[in-house]
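Reading through the structure tokens given below for one structure.
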Amino acid sequence: MEVGRRLTRLPFGPLHPATKEPALLMLTVDGERVVEAELRLGYVYRGIEALAQTRNIVQVLHLVERVCGICSHAHPFCYVQAVESVAGIEPPGRALYIRTIVAELERLQNHLLWMGVLGYQLGFTALFMYAWRVRESVLDILEEMTGNRIMRGVNAIGGVRVDLSDRVKAKMEALVKDARKWAAFLSDVLHDKTVEARLAGVGVLTRSDAVSTGAVGPTARASGVDFDVRRDYPHAAYEDLRGAFSVPVLSSGDALARAEVRVAELAESANLLEAALDTLPSDRRSPPPPHRVLREVPEGESVAKVEAPRGELFYYARTDGKGFLKRLRIRTPTLANLPALAVMLKDVELADVPAVYASIDPCISCTERVLVVDARSGAWRETSLRELGKGCGAAC
Amino acid sequence: MGIGKIMKDAATRLFRKPSTIGYPLKPERVEVPDSYRGAIDFDPKLCVGCMLCVRFCPSGAITVADKRRIAFDLARCIYCGQCAEVCPRKAIKLTKEFELIYESIESFKQQ
């Protein structure tokens with residue numbers, strides 16, 4: 001840092017109109033320009049991993065569904081895979097397809113929600129309204145299929161709890177056709193000159209930074225990291241559908257690239273949905289009853305990952321052989337993307353901070369996993385990523 | 001592309017019905033799908049007291065009163081439908097009722 005420059009420490013949050021969830025961005029600014037950004041979490045810690053150790057395996061299924069409201073399918077989707085691989089349960093093919101179909105519908109609605117939020121952050125309310133209007137059509141189908149818009153309760157250990165009726169299937173096929181149309185329209189709206197001027201070259205994350213900070217999902221793919229769990233570690237029906245979709249990768253790494261990757265993923269999700277609906281197997285078999293599941297899951301440990309809408313979601317589960325979990329570890333995509341956010345925010349104008357912040361699609365309450373607890377006094381405090389990076393201090 | 005396409009879309013939208021509805025004033029009832037998981041309907045005559053619902057309720061909303069009488073606390077319920085799924089006699093059903101408004105937290109408790 002040069003001597004004689006006047007730097008200001010400016011807190012952005014934890015309660016800021018531009019961020020819907022409490023997270024504190026401590027910005028060091030030189031005039032209007034951000035010199036350094038530090039993120040501090042811990043305002044919405046819910047202790048879900050500790051709670052999971054007090055419930056049985058089937059109860060935890062409903063608990064992890066509530067880790068995130070937006071990706072409320074991705075979490076149980078990942079959890080059941082971890083438990084099934086410990087127990088050696090093979091779900092029927094139709095169940096795997098239904099899980100995949102709901103996961104892709106969820107990706108559609110998540111990207112639309114995100115696009116609306118980005119439009120809102122830019123002051124482009126028309127984009128916000130357009131994106132959220134079509135998002136309703138996706139949510140309506142999900143509601144008709146599963147009963148609820150979010151917290152759909154699709155997954156069960158060893159299968160699914162809902163079936164896809166022919167009526168809903170026909171509606172989904174119509175939705176896929178519509179999806180292509182509105183994805184093209186939204187892409188046009190997003191490529192408005194004003195939007196491009198706001199986003200191009202802003203919040204650049206280079207490929208090497210993306211790799212070294214461990215970014216995942218659309219954030220990494222916009223920086224040229226060609227990685228997608230659906231293609232590289234195929235699970236559920238993605239193995240069969242490998243030919244039906246491609247993974248959009250861009251190299252410029254700015255906020256516009258992150259937006260373009262997500263718009264391209266809308267069309268890819270539509271392709272995936274079409275292929276999955278075409279080849280939906282018909283072996284309807286209900287999942288094993290929950291009390292049998294509790295008896296059958298042996299002691300063991302397992303990891304699973306899925307491509308949640310925001311990126312790679314990772315689960316580690318260790319069972320105790322009595323139907324309970326000894327340990328559950330969740331790593332959400334936002335946690336992986338936050339160190340990259342600190343890199344992106346360097347040299348950004350203060351007015352662009354909300355847009356860059358929104359461009360990684362952060363979901364803070366899902367991410368809250370760490371509280372430093374002093375075992376001697378029982379006192380707890382939140383911690384910053386930087387402190388964690390330095391290693392555990394005297395407090396732990 | 002630019003403002004032209006948005007204006008065209010806006011012009012056609014002017015003459016369509018709004019996407020929102022006037023709930024609760026105009027349509028008093030909103031239709032929910034058949035698979036909707038709403039308020040719990042419990043039939044004590046069918047209950048055999050196996051306690052599976054108590055064991056599997058994720059939020060501890062189902063408690064046992066004296067003599068194996070089951071009580072539901074709708075304020076704690078997360079409406080996941082696990083109790084209805086495990087019940088061997090189908091004594092528990094999740095209805096389409098979603099307007100759950102009570103004056104006090106105690107009145108959420110149902111026997």
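Within each chain, counting starts at residue 1; across the structure tokens, chains are named A, B, ... in the order shown, with ligands numbered 1 upward in that order.
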
Distance limit 6 Å, atoms considered: only C-alpha atoms. Which chain B residues sit that close to chain A? Return them as a compact mmCIF listing (two decimals) with N, CA and C atoms, in the first residue's frame.
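That gives us part-v9.txt:
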```txt
# COMPACT_ATOMS: atom_id res chain seq x y z
N GLY B 2 -32.70 -4.18 -27.80
CA GLY B 2 -32.70 -3.09 -26.85
C GLY B 2 -34.10 -2.76 -26.44
N PRO B 33 -52.93 -27.97 -5.40
CA PRO B 33 -52.93 -29.30 -6.02
C PRO B 33 -53.33 -30.39 -5.02
N SER B 35 -51.89 -33.05 -4.22
CA SER B 35 -50.80 -33.59 -3.40
C SER B 35 -50.33 -32.58 -2.35
N TYR B 36 -51.03 -31.46 -2.21
CA TYR B 36 -50.63 -30.41 -1.27
C TYR B 36 -50.57 -30.95 0.16
N PHE B 56 -40.75 -40.75 13.75
CA PHE B 56 -40.22 -40.21 12.50
C PHE B 56 -40.49 -38.73 12.30
N PRO B 58 -39.73 -35.17 12.11
CA PRO B 58 -38.43 -34.51 12.20
C PRO B 58 -38.40 -33.36 13.20
```

Within chain B, find each residue whose DSSP state, derived from the backbone, is strand (DSSP E), and express the selection as a VMD selection string.
chain B and resid 40 to 42 62 to 65 69 to 73 92 to 94 109 to 110

Would you mind listing what lies within 8 Å of Gly60 of chain B as a list in words, with only C-alpha atoms counted and same-chain residues fewer than 4 positions away left out?
Val54, Arg76 and Cys77 of chain B

What would the file look like if the residues just selected were written as a PDB file, in the first residue's frame with N, CA, C and O atoms?
```pdb
ATOM      1  N   VAL B  54     -44.509 -40.618  15.863  1.00  0.00           N
ATOM      2  CA  VAL B  54     -43.721 -39.883  16.861  1.00  0.00           C
ATOM      3  C   VAL B  54     -42.240 -40.089  16.594  1.00  0.00           C
ATOM      4  O   VAL B  54     -41.436 -39.164  16.682  1.00  0.00           O
ATOM      5  N   ARG B  76     -45.252 -26.338  15.487  1.00  0.00           N
ATOM      6  CA  ARG B  76     -43.939 -26.951  15.294  1.00  0.00           C
ATOM      7  C   ARG B  76     -43.846 -27.729  13.990  1.00  0.00           C
ATOM      8  O   ARG B  76     -42.761 -27.998  13.497  1.00  0.00           O
ATOM      9  N   CYS B  77     -45.012 -28.118  13.451  1.00  0.00           N
ATOM     10  CA  CYS B  77     -45.061 -28.983  12.266  1.00  0.00           C
ATOM     11  C   CYS B  77     -44.388 -28.313  11.068  1.00  0.00           C
ATOM     12  O   CYS B  77     -44.550 -27.113  10.859  1.00  0.00           O
TER      13      CYS B  77
END
```

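Within segment 35-87 of chain B, DSSP applied to the backbone places the following residues in alpha helix (DSSP H): Leu52, Cys53, Val54, Arg55, Phe56, Gln82, Cys83, Ala84, Glu85 and Val86 of chain B.
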
6 Å contact set for Leu96 of chain A, only C-alpha atoms, chain neighbours under 3 positions out, as a count of residues only:
4

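The residue that comes closest to Val29 of chain A, out of A:Leu199, A:Cys366, A:Glu349, A:Val204 and on the basis of only C-alpha atoms, is A:Glu349.
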
Expressed in Å, the length from atom CA of Gly119 of chain A to atom CA of Ile360 of chain A is 13.8 Å

Between atom CA of Ser302 of chain A and atom CA of Ala103 of chain A, distance in Å (one decimal):
21.4 Å

Excluding same-chain residues fewer than 3 positions from Glu99 of chain B, what lies within 10 Å of it counting only C-alpha atoms, as a PyMOL selection string?
chain B and resi 29+38-39+96+102
